[in-house]
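A.B. asks: Before we start, here is the structure in question, set down as structure tokens.
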Amino acid sequence: MADPRVFFSKAGLRLLDSFRSRPNLKAIPLPSGKASVASKNFLLSGADCEAGRKISYRLFYDAGAKKLQGVCHFGEMAEGPPGMVHGGAASAMLDTVMGNLCWWSGEKVVTGRLSVDYRNMLPLNTTCSVNAWFDKEEGRKLHVRAHLASIQGGAEDGAAVSEAAAAAAAATEDLHVYSESQAIFIKLSDKSMDILAANREKNRGAVLPMYSRL
């Protein structure tokens, strides 16, 4: 596993240290063993197997508030327009953060809808803060909000890069929004859970940590 001090910005490292020092936050485990090996094939790899060239992240869960916070870094393999992060890479990070929030909160879900409105471009090799929280629940549908904010310049809160919202893309007055999104997660049926559990047994040890509760 690569050391984030090699590629996270100084502001990102300060934010990471602050998360680690807070007793109410639990670090989300990174892929290990077979799952770590398998993650080498994906662009979004929390295990940093490409030493910052992919999308690297560290996430922390607040069980009391049911929120997720963290730091992520978009490396050169996340490139879309020259020198800029691909829109799909930003949405993949948002989906991962919100999905982790659901699963670590005991909600077994899959993404039902994820749409992103991009306002400005995000430069490559940028370290960002990420936050996710629940908005509301409608039957099997969980509405989750999140935002992705740039901290490259060293600001404590940062400028928002992506805003992930459940039912509506609400304006955020105190952040400079680069992009917004909407997302709904669907609670899995018992049949779907049985299928995933069977697949997990076939690939024992090669699943991401958040699916360890299957």
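Residue numbering restarts at 1 in every chain; chains get A, B, ... in the order shown in the structure tokens, and ligands count up from 1 in that same order.
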Just want the 9 Å neighbourhood of Gly75 in chain A, counted on only C-alpha atoms, with same-chain residues fewer than 4 positions away dropped. Output as a short mmCIF file (atom, residue, chain, number, x, y, z; two decimals) with C-alpha atoms, in the first residue's frame.
C.D. replies:
```cif
data_model
loop_
_atom_site.label_atom_id
_atom_site.label_comp_id
_atom_site.auth_asym_id
_atom_site.auth_seq_id
_atom_site.Cartn_x
_atom_site.Cartn_y
_atom_site.Cartn_z
CA PHE A 7 0.96 12.37 -3.38
CA ALA A 51 1.03 5.09 -5.92
CA GLY A 52 -1.28 8.00 -6.57
CA ARG A 53 -1.74 7.52 -10.32
CA LYS A 54 -5.35 6.39 -9.86
CA ILE A 55 -8.09 7.68 -7.53
CA SER A 56 -6.81 7.12 -4.00
CA GLU A 79 -7.62 12.20 -16.88
CA VAL A 85 -10.19 14.97 -14.16
CA LEU A 124 -5.46 16.41 -12.20
CA ASN A 125 -3.36 15.62 -9.12
CA THR A 126 -5.82 17.44 -6.90
#
```
A.B. asks: Could you give me, as an MDAnalysis selection string, each residue of range 50-166 of chain A that DSSP assigns to alpha helix (DSSP H) when run on this structure's backbone?
C.D. replies: chainID A and resid 87:104
A.B. asks: Just the residues within 12 Å of Cys72 in chain A, please, counting only C-alpha atoms, with nothing from its chain fewer than 4 positions along; format it as a VMD selection string.
C.D. replies: chain A and resid 4 7 to 9 11 to 13 15 to 16 44 to 48 52 to 60 89 to 90 92 to 94 96 to 97 124 to 131 147 to 152
A.B. asks: Could you list, as a list in words, every residue within 12 Å of Asp194 in chain A, counting only C-alpha atoms and ignoring same-chain residues fewer than 6 positions away?
C.D. replies: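 With the cut-off at 12 Å, the set is Lys108, Leu188, Arg200, Glu201 and Leu214 of chain A.
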A.B. asks: Residues at most 8 Å from range 21-24 of chain A, counting only C-alpha atoms, excluding those fewer than 3 positions away in the same chain, as a compact mmCIF listing (two decimals) with all heavy atoms, in the first residue's frame?
C.D. replies:
```txt
# COMPACT_ATOMS: atom_id res chain seq x y z
N ASP A 17 -5.04 13.87 8.90
CA ASP A 17 -4.61 13.75 10.30
C ASP A 17 -5.71 14.16 11.26
O ASP A 17 -5.86 13.55 12.34
CB ASP A 17 -3.36 14.60 10.54
CG ASP A 17 -2.11 14.01 9.88
OD1 ASP A 17 -2.12 12.80 9.58
OD2 ASP A 17 -1.14 14.76 9.66
N SER A 18 -6.48 15.18 10.89
CA SER A 18 -7.55 15.63 11.78
C SER A 18 -8.65 14.57 11.88
O SER A 18 -9.21 14.35 12.95
CB SER A 18 -8.14 16.95 11.28
OG SER A 18 -8.91 16.78 10.10
N ASP A 62 -18.75 8.21 10.80
CA ASP A 62 -19.26 8.72 12.07
C ASP A 62 -20.57 8.00 12.34
O ASP A 62 -21.62 8.35 11.77
CB ASP A 62 -19.47 10.23 11.98
CG ASP A 62 -19.89 10.85 13.32
OD1 ASP A 62 -20.44 10.12 14.16
OD2 ASP A 62 -19.66 12.05 13.51
N ALA A 63 -20.54 6.97 13.20
CA ALA A 63 -21.72 6.15 13.46
C ALA A 63 -22.83 6.94 14.15
O ALA A 63 -24.01 6.72 13.89
CB ALA A 63 -21.34 4.94 14.30
N GLY A 64 -22.44 7.87 15.04
CA GLY A 64 -23.44 8.64 15.76
C GLY A 64 -24.24 9.56 14.85
O GLY A 64 -25.46 9.63 14.93
```
